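One file, data-v1.cif, carrying mmCIF, C-alpha atoms:
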data_structure
loop_
_atom_site.label_atom_id
_atom_site.label_comp_id
_atom_site.auth_asym_id
_atom_site.auth_seq_id
_atom_site.Cartn_x
_atom_site.Cartn_y
_atom_site.Cartn_z
CA MET V 671 37.46 28.82 -58.78
CA GLY V 672 34.81 26.89 -60.69
CA LEU V 673 35.53 23.77 -58.56
CA MET V 674 34.05 25.44 -55.48
CA PRO V 675 30.24 25.16 -55.07
CA ASP V 676 28.31 28.41 -55.54
CA ASN V 677 26.78 28.23 -52.05
CA VAL V 678 30.08 28.00 -50.16
CA LYS V 679 31.53 30.93 -48.21
CA PRO V 680 35.32 30.43 -48.39
CA LEU V 681 35.81 32.44 -45.17
CA GLY V 682 32.98 30.64 -43.39
CA HIS V 683 31.27 33.99 -42.79
CA LYS V 684 30.43 37.32 -44.43
CA SER V 685 33.26 39.35 -45.90
CA TYR V 686 32.05 42.46 -44.09
CA GLY V 687 29.36 43.32 -41.54
CA SER V 688 27.27 46.45 -41.16
CA ILE V 689 28.48 49.71 -39.61
CA PRO V 690 26.00 51.29 -37.14
CA HIS V 691 24.62 54.74 -37.90
CA LEU V 692 24.92 58.00 -36.00
CA SER V 693 21.57 59.25 -34.65
CA LYS V 694 20.90 61.76 -37.45
CA SER V 695 21.85 59.33 -40.20
CA ARG V 696 19.31 57.88 -42.62
CA LEU V 697 18.65 54.22 -41.85
CA GLY V 698 18.17 51.63 -44.57
CA VAL V 699 16.46 48.27 -44.30
CA GLY V 700 18.13 46.24 -41.53
CA ASP V 701 20.28 49.18 -40.35
CA HIS V 702 20.60 50.28 -36.73
CA HIS V 703 21.89 53.23 -34.73
CA CYS V 704 25.11 53.12 -32.74
CA ASP V 705 25.32 53.34 -28.97
CA PRO V 706 24.90 56.98 -27.76
CA GLY V 707 28.21 56.69 -25.91
CA GLN V 708 29.99 55.77 -29.13
CA GLU V 709 28.42 58.76 -30.87
CA ARG V 710 29.70 61.11 -28.17
CA ILE V 711 33.22 59.71 -28.48
CA ALA V 712 33.20 59.99 -32.28
CA THR V 713 31.60 63.41 -32.63
CA GLU V 714 31.85 65.32 -29.32
CA LYS V 715 34.27 64.33 -26.57
CA PRO V 716 37.09 61.73 -26.29
CA ARG V 717 37.37 59.36 -23.35
CA ASP V 718 40.97 60.47 -22.82
CA GLN V 719 44.18 61.23 -24.73
CA PHE V 720 44.28 57.72 -26.22
CA ASP V 721 41.26 58.23 -28.49
CA LEU V 722 41.97 58.92 -32.16
CA VAL V 723 39.17 59.68 -34.62
CA VAL V 724 39.66 59.14 -38.36
CA VAL V 725 36.90 60.36 -40.71
CA GLN V 726 36.68 59.34 -44.37
CA GLU V 727 34.33 59.97 -47.26
CA LYS V 728 31.70 57.24 -47.56
CA LEU V 729 31.66 55.78 -51.06
CA ASP V 730 28.59 54.50 -52.88
CA GLY V 731 29.34 51.26 -54.67
CA SER V 732 29.31 47.54 -53.96
CA ASN V 733 31.13 46.24 -50.89
CA CYS V 734 33.57 43.56 -52.06
CA ALA V 735 36.66 41.82 -50.72
CA VAL V 736 39.78 40.00 -51.84
CA ALA V 737 40.93 37.18 -49.55
CA LYS V 738 43.86 34.78 -49.39
CA VAL V 739 42.55 31.33 -48.45
CA ASN V 740 44.84 28.29 -48.66
CA GLY V 741 47.20 30.34 -50.79
CA GLN V 742 44.48 31.25 -53.30
CA ILE V 743 43.42 34.82 -54.11
CA LEU V 744 39.61 34.94 -54.03
CA ALA V 745 37.23 37.72 -55.10
CA LEU V 746 34.22 37.83 -52.76
CA ASN V 747 31.00 39.77 -52.46
CA ARG V 748 29.88 41.26 -49.15
CA ALA V 749 27.92 38.15 -48.17
CA GLY V 750 31.14 36.14 -48.48
CA TYR V 751 30.38 34.19 -51.66
CA LEU V 752 32.67 34.06 -54.69
CA ALA V 753 32.05 37.15 -56.82
CA GLU V 754 31.95 35.04 -59.97
CA THR V 755 28.81 33.28 -58.68
CA SER V 756 26.91 36.54 -58.15
CA PRO V 757 23.78 37.27 -60.22
CA TYR V 758 25.10 40.82 -60.79
CA GLU V 759 27.29 41.70 -63.76
CA MET V 760 29.41 44.16 -61.74
CA HIS V 761 30.60 41.31 -59.49
CA HIS V 762 31.66 39.23 -62.47
CA TYR V 763 33.76 42.16 -63.60
CA PHE V 764 35.21 42.36 -60.09
CA ALA V 765 36.24 38.69 -60.24
CA LYS V 766 37.91 39.26 -63.61
CA TRP V 767 39.70 42.37 -62.36
CA VAL V 768 40.98 40.58 -59.24
CA GLU V 769 42.31 37.77 -61.43
CA LYS V 770 44.12 40.37 -63.54
CA GLU V 771 45.59 41.98 -60.38
CA LYS V 772 46.29 38.66 -58.62
CA GLN V 773 50.03 39.25 -58.15
CA ARG V 774 49.43 42.57 -56.40
CA PHE V 775 46.95 41.00 -53.99
CA ASP V 776 49.21 38.02 -53.41
CA LYS V 777 52.02 40.38 -52.43
CA LEU V 778 49.75 42.35 -50.08
CA LEU V 779 47.84 39.62 -48.27
CA HIS V 780 49.06 37.16 -45.68
CA GLU V 781 47.28 33.83 -45.38
CA GLY V 782 43.82 34.32 -43.86
CA GLU V 783 43.68 38.06 -44.50
CA ARG V 784 41.24 39.95 -46.68
CA LEU V 785 41.20 43.43 -48.17
CA VAL V 786 37.73 44.97 -48.08
CA GLY V 787 36.68 47.92 -50.18
CA GLU V 788 34.13 49.60 -52.40
CA TRP V 789 33.81 48.44 -56.02
CA LEU V 790 32.82 51.62 -57.85
CA LEU V 791 32.57 50.24 -61.36
CA GLN V 792 28.77 50.58 -61.52
CA ALA V 793 26.81 53.59 -60.24
CA HIS V 794 24.29 52.88 -57.48
CA SER V 795 22.96 56.26 -56.28
CA THR V 796 26.13 58.25 -56.93
CA ARG V 797 27.92 58.65 -60.24
CA TYR V 798 31.69 59.15 -60.18
CA ASN V 799 34.09 60.66 -62.65
CA LEU V 800 36.85 58.27 -61.59
CA THR V 801 40.49 59.19 -61.98
CA HIS V 802 41.68 56.00 -60.28
CA GLU V 803 40.91 52.28 -60.46
CA PRO V 804 37.37 51.35 -59.37
CA PHE V 805 38.33 49.35 -56.26
CA VAL V 806 38.87 51.57 -53.19
CA PRO V 807 39.94 49.55 -50.11
CA PHE V 808 39.15 50.74 -46.59
CA ASP V 809 39.89 47.75 -44.32
CA LEU V 810 42.52 45.04 -44.08
CA MET V 811 41.11 42.30 -41.86
CA ARG V 812 41.67 38.87 -40.37
CA GLY V 813 38.46 37.40 -38.98
CA GLN V 814 36.68 40.30 -37.30
CA GLU V 815 39.91 42.17 -36.46
CA ARG V 816 41.01 45.12 -38.58
CA LEU V 817 44.33 46.93 -38.83
CA ASN V 818 44.55 50.46 -37.46
CA TYR V 819 44.55 53.27 -40.00
CA HIS V 820 48.30 53.94 -39.95
CA THR V 821 49.27 50.29 -40.43
CA PHE V 822 46.60 49.88 -43.11
CA LEU V 823 48.11 52.76 -45.10
CA LEU V 824 51.62 51.36 -44.77
CA ARG V 825 50.42 48.07 -46.23
CA VAL V 826 48.22 49.26 -49.12
CA LEU V 827 49.67 52.55 -50.38
CA PRO V 828 53.03 51.14 -51.57
CA LEU V 829 51.10 48.79 -53.86
CA GLY V 830 49.28 51.63 -55.58
CA PHE V 831 45.82 51.34 -54.03
CA THR V 832 43.63 54.44 -53.66
CA VAL V 833 41.94 54.71 -50.24
CA PRO V 834 38.82 56.72 -49.28
CA ASN V 835 39.26 60.48 -49.14
CA LEU V 836 40.56 61.49 -45.69
CA VAL V 837 38.48 64.26 -44.09
CA HIS V 838 39.87 64.41 -40.55
CA VAL V 839 42.32 62.80 -38.12
CA GLY V 840 42.48 63.73 -34.45
CA GLN V 841 39.84 64.73 -31.90
CA PRO V 842 36.11 63.97 -32.21
CA VAL V 843 34.39 65.99 -34.92
CA GLY V 844 30.73 66.69 -35.71
CA ILE V 845 28.60 65.78 -38.70
CA ASN V 846 27.99 69.33 -39.95
CA TRP V 847 31.68 70.16 -40.20
CA VAL V 848 32.47 66.86 -41.91
CA MET V 849 29.72 67.19 -44.52
CA LYS V 850 30.82 70.75 -45.26
CA GLN V 851 34.25 69.38 -46.19
CA LEU V 852 32.57 66.84 -48.46
CA GLU V 853 30.74 69.34 -50.64
CA THR V 854 33.49 68.41 -53.08
CA SER V 855 34.19 64.69 -53.30
CA GLY V 856 37.70 63.31 -53.20
CA HIS V 857 36.70 60.72 -55.81
CA GLY V 858 34.98 62.77 -58.47
CA ALA V 859 31.40 62.23 -57.31
CA ILE V 860 29.02 63.88 -59.78
CA ASP V 861 26.07 63.56 -57.42
CA LYS V 862 26.14 64.65 -53.75
CA VAL V 863 28.45 62.67 -51.46
CA GLU V 864 26.28 60.28 -49.46
CA GLY V 865 28.06 60.60 -46.11
CA ALA V 866 31.11 59.72 -44.05
CA VAL V 867 32.59 57.00 -41.83
CA TRP V 868 34.12 57.66 -38.39
CA ARG V 869 36.82 55.18 -37.31
CA VAL V 870 37.62 55.39 -33.59
CA GLU V 871 40.91 53.94 -32.39
CA TYR V 872 41.96 53.55 -28.77
CA LYS V 873 45.61 53.04 -27.81
CA GLY V 874 46.43 52.13 -31.40
CA GLU V 875 43.67 49.53 -31.85
CA VAL V 876 40.46 49.94 -33.83
CA ASP V 877 37.67 50.21 -31.25
CA PHE V 878 34.57 50.85 -33.38
CA LEU V 879 33.21 52.38 -36.58
CA VAL V 880 30.10 54.53 -37.05
CA LYS V 881 28.70 56.23 -40.13
CA TYR V 882 26.46 59.02 -41.33
CA VAL V 883 24.28 58.88 -44.45
CA ARG V 884 22.53 62.10 -45.42
CA PRO V 885 18.72 61.88 -44.93
CA ASP V 886 17.88 62.78 -48.55
CA LYS V 887 20.11 60.12 -50.09
CA PRO V 888 18.07 57.89 -52.45
CA ASP V 889 18.67 54.15 -52.84
CA GLY V 890 20.10 52.62 -56.01
CA ILE V 891 18.50 55.02 -58.49
CA TYR V 892 21.00 54.10 -61.23
CA LEU V 893 20.70 50.33 -60.79
CA PRO V 894 18.78 48.65 -63.65
CA GLU V 895 16.57 46.66 -61.27
CA ILE V 896 15.32 49.97 -59.80
CA SER V 897 15.61 52.41 -62.71
CA GLY V 898 14.44 50.04 -65.42
CA LYS V 899 17.24 51.44 -67.56
CA PRO V 900 20.64 50.07 -68.66
CA PRO V 901 23.46 50.09 -66.06
CA VAL V 902 25.43 53.30 -65.56
CA TRP V 903 29.18 52.63 -65.52
CA ASN V 904 31.56 54.95 -63.70
CA CYS V 905 34.26 53.72 -66.05
CA ASP V 906 34.16 51.58 -69.16
CA PRO V 907 34.54 47.98 -67.90
CA GLY V 908 36.44 46.83 -70.97
CA ARG V 909 38.64 49.87 -71.48
CA LEU V 910 39.62 51.47 -68.17
CA CYS V 911 39.59 48.18 -66.30
CA LYS V 912 41.27 46.39 -69.24
CA ILE V 913 39.15 43.29 -68.69
CA SER V 914 36.53 41.39 -70.61
CA LEU V 915 33.92 38.83 -69.68
CA ILE V 916 34.59 37.05 -72.97
CA ALA V 917 36.74 33.99 -72.32
#
Would you kindly transcribe this structure into structure tokens?
Amino acid sequence: MGLMPDNVKPLGHKSYGSIPHLSKSRLGVGDHHCDPGQERIATEKPRDQFDLVVVQEKLDGSNCAVAKVNGQILALNRAGYLAETSPYEMHHYFAKWVEKEKQRFDKLLHEGERLVGEWLLQAHSTRYNLTHEPFVPFDLMRGQERLNYHTFLLRVLPLGFTVPNLVHVGQPVGINWVMKQLETSGHGAIDKVEGAVWRVEYKGEVDFLVKYVRPDKPDGIYLPEISGKPPVWNCDPGRLCKISLIA
């Protein structure tokens, strides 16, 4: 991928946007709350029998994506740039890992699609005792359209991917109940789980997503640029990931 300029976004846009917050969620810089009507649908009352609410554990890593563009498998950061051009070491490891897993991504993705997920290699504010690979996908997208949850699972699970811990499927469900279920993480979180994501589908199509982040969740306390200490790895980059930055 070295032939592509560092400042080019292969998709022509970001790999992933921001998910609006529920009203009691902690907002970060640039975040915003969801529409009150969306919150009611997700947490209190459905519009009708065609609403389906899927709730998953929110993971604390780096949002990354793998895209198929002109037949090439590309590792991207959230902003949509090639991961290998990132100033952060964790993204260089992501690019190397995607190269190692290229055949699996090539089998999964159709032209123009991208698989978006959380890269959990490096701890941000939550440390994980990982028992699975550090990339956890949560969306399979083309442009701004995403597959519904059922179809997403049918595509990714046969290829051995681990998806975010499922908390609930069905009617709307409130924050308190969801966070009670997340007192124990489905991904080996050593620190408290930061929150959850509600995916609302209507008549089999993804309508909207909203999220909750607990108010006492700190930002990036394990990142070197904040802690002033060496990076904290959730798994050994060279051993568990079987990759090396040495050419």
Residues in the PyMOL selection byres ((chain V and resi 678-682) around 12), expressed as a PDB file with C-alpha atoms, keeping the file's coordinate frame:
ATOM      1  CA  MET V 671      37.460  28.820 -58.780  1.00  0.00           C
ATOM      2  CA  GLY V 672      34.810  26.890 -60.690  1.00  0.00           C
ATOM      3  CA  LEU V 673      35.530  23.770 -58.560  1.00  0.00           C
ATOM      4  CA  MET V 674      34.050  25.440 -55.480  1.00  0.00           C
ATOM      5  CA  PRO V 675      30.240  25.160 -55.070  1.00  0.00           C
ATOM      6  CA  ASP V 676      28.310  28.410 -55.540  1.00  0.00           C
ATOM      7  CA  ASN V 677      26.780  28.230 -52.050  1.00  0.00           C
ATOM      8  CA  HIS V 683      31.270  33.990 -42.790  1.00  0.00           C
ATOM      9  CA  LYS V 684      30.430  37.320 -44.430  1.00  0.00           C
ATOM     10  CA  SER V 685      33.260  39.350 -45.900  1.00  0.00           C
ATOM     11  CA  TYR V 686      32.050  42.460 -44.090  1.00  0.00           C
ATOM     12  CA  ALA V 735      36.660  41.820 -50.720  1.00  0.00           C
ATOM     13  CA  VAL V 736      39.780  40.000 -51.840  1.00  0.00           C
ATOM     14  CA  ALA V 737      40.930  37.180 -49.550  1.00  0.00           C
ATOM     15  CA  LYS V 738      43.860  34.780 -49.390  1.00  0.00           C
ATOM     16  CA  VAL V 739      42.550  31.330 -48.450  1.00  0.00           C
ATOM     17  CA  ASN V 740      44.840  28.290 -48.660  1.00  0.00           C
ATOM     18  CA  GLN V 742      44.480  31.250 -53.300  1.00  0.00           C
ATOM     19  CA  ILE V 743      43.420  34.820 -54.110  1.00  0.00           C
ATOM     20  CA  LEU V 744      39.610  34.940 -54.030  1.00  0.00           C
ATOM     21  CA  ALA V 745      37.230  37.720 -55.100  1.00  0.00           C
ATOM     22  CA  LEU V 746      34.220  37.830 -52.760  1.00  0.00           C
ATOM     23  CA  ASN V 747      31.000  39.770 -52.460  1.00  0.00           C
ATOM     24  CA  ARG V 748      29.880  41.260 -49.150  1.00  0.00           C
ATOM     25  CA  ALA V 749      27.920  38.150 -48.170  1.00  0.00           C
ATOM     26  CA  GLY V 750      31.140  36.140 -48.480  1.00  0.00           C
ATOM     27  CA  TYR V 751      30.380  34.190 -51.660  1.00  0.00           C
ATOM     28  CA  LEU V 752      32.670  34.060 -54.690  1.00  0.00           C
ATOM     29  CA  ALA V 753      32.050  37.150 -56.820  1.00  0.00           C
ATOM     30  CA  THR V 755      28.810  33.280 -58.680  1.00  0.00           C
ATOM     31  CA  GLU V 781      47.280  33.830 -45.380  1.00  0.00           C
ATOM     32  CA  GLY V 782      43.820  34.320 -43.860  1.00  0.00           C
ATOM     33  CA  GLU V 783      43.680  38.060 -44.500  1.00  0.00           C
ATOM     34  CA  ARG V 784      41.240  39.950 -46.680  1.00  0.00           C
ATOM     35  CA  MET V 811      41.110  42.300 -41.860  1.00  0.00           C
ATOM     36  CA  ARG V 812      41.670  38.870 -40.370  1.00  0.00           C
ATOM     37  CA  GLY V 813      38.460  37.400 -38.980  1.00  0.00           C
ATOM     38  CA  GLN V 814      36.680  40.300 -37.300  1.00  0.00           C
TER      39      GLN V 814
END
Could you tell me, as an mmCIF file with C-alpha atoms, keeping the file's coordinate frame, which residues have any atom at most 7 Å from (37.0, 60.8, -37.2), counting only C-alpha atoms?
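Final output, saved to part.cif:
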data_model
loop_
_atom_site.group_PDB
_atom_site.id
_atom_site.type_symbol
_atom_site.label_atom_id
_atom_site.label_comp_id
_atom_site.auth_asym_id
_atom_site.auth_seq_id
_atom_site.Cartn_x
_atom_site.Cartn_y
_atom_site.Cartn_z
ATOM 1 C CA ALA V 712 33.200 59.990 -32.280
ATOM 2 C CA VAL V 723 39.170 59.680 -34.620
ATOM 3 C CA VAL V 724 39.660 59.140 -38.360
ATOM 4 C CA VAL V 725 36.900 60.360 -40.710
ATOM 5 C CA HIS V 838 39.870 64.410 -40.550
ATOM 6 C CA VAL V 839 42.320 62.800 -38.120
ATOM 7 C CA GLY V 840 42.480 63.730 -34.450
ATOM 8 C CA PRO V 842 36.110 63.970 -32.210
ATOM 9 C CA VAL V 843 34.390 65.990 -34.920
ATOM 10 C CA TRP V 868 34.120 57.660 -38.390
ATOM 11 C CA ARG V 869 36.820 55.180 -37.310
ATOM 12 C CA VAL V 870 37.620 55.390 -33.590
#
Original post:
What lies within 12 Å of Pro900 of chain V using all atoms listed in the file, ignoring chain neighbours under 4 positions off, as number ranges by chain?
Top reply: V: 759, 792-793, 891-896
Store the residues picked out above in a file with C-alpha atoms, as a PDB file, keeping the file's coordinate frame.
ATOM      1  CA  GLU V 759      27.290  41.700 -63.760  1.00  0.00           C
ATOM      2  CA  GLN V 792      28.770  50.580 -61.520  1.00  0.00           C
ATOM      3  CA  ALA V 793      26.810  53.590 -60.240  1.00  0.00           C
ATOM      4  CA  ILE V 891      18.500  55.020 -58.490  1.00  0.00           C
ATOM      5  CA  TYR V 892      21.000  54.100 -61.230  1.00  0.00           C
ATOM      6  CA  LEU V 893      20.700  50.330 -60.790  1.00  0.00           C
ATOM      7  CA  PRO V 894      18.780  48.650 -63.650  1.00  0.00           C
ATOM      8  CA  GLU V 895      16.570  46.660 -61.270  1.00  0.00           C
ATOM      9  CA  ILE V 896      15.320  49.970 -59.800  1.00  0.00           C
TER      10      ILE V 896
END
Original post:
On this structure, which residues satisfy the PyMOL selection byres ((chain V and resi 688-696) around 12), written as a PyMOL selection string?
Top reply: chain V and resi 684-687+697-713+728+733+748-749+814+844-846+849+864-869+878-889
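Taking atom CA of Tyr763 of chain V and atom CA of Trp789 of chain V as endpoints, the distance between them is 9.8 Å.
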**OP:** Could you expand the PyMOL selection byres ((chain V and resi 833) around 12) into the explicit residues it covers here, written as JSON, numbers by chain?
**Re:** {"V": [726, 727, 728, 729, 785, 786, 787, 788, 789, 802, 803, 804, 805, 806, 807, 808, 809, 810, 819, 822, 823, 824, 825, 826, 827, 828, 829, 830, 831, 832, 834, 835, 836, 837, 856, 857]}
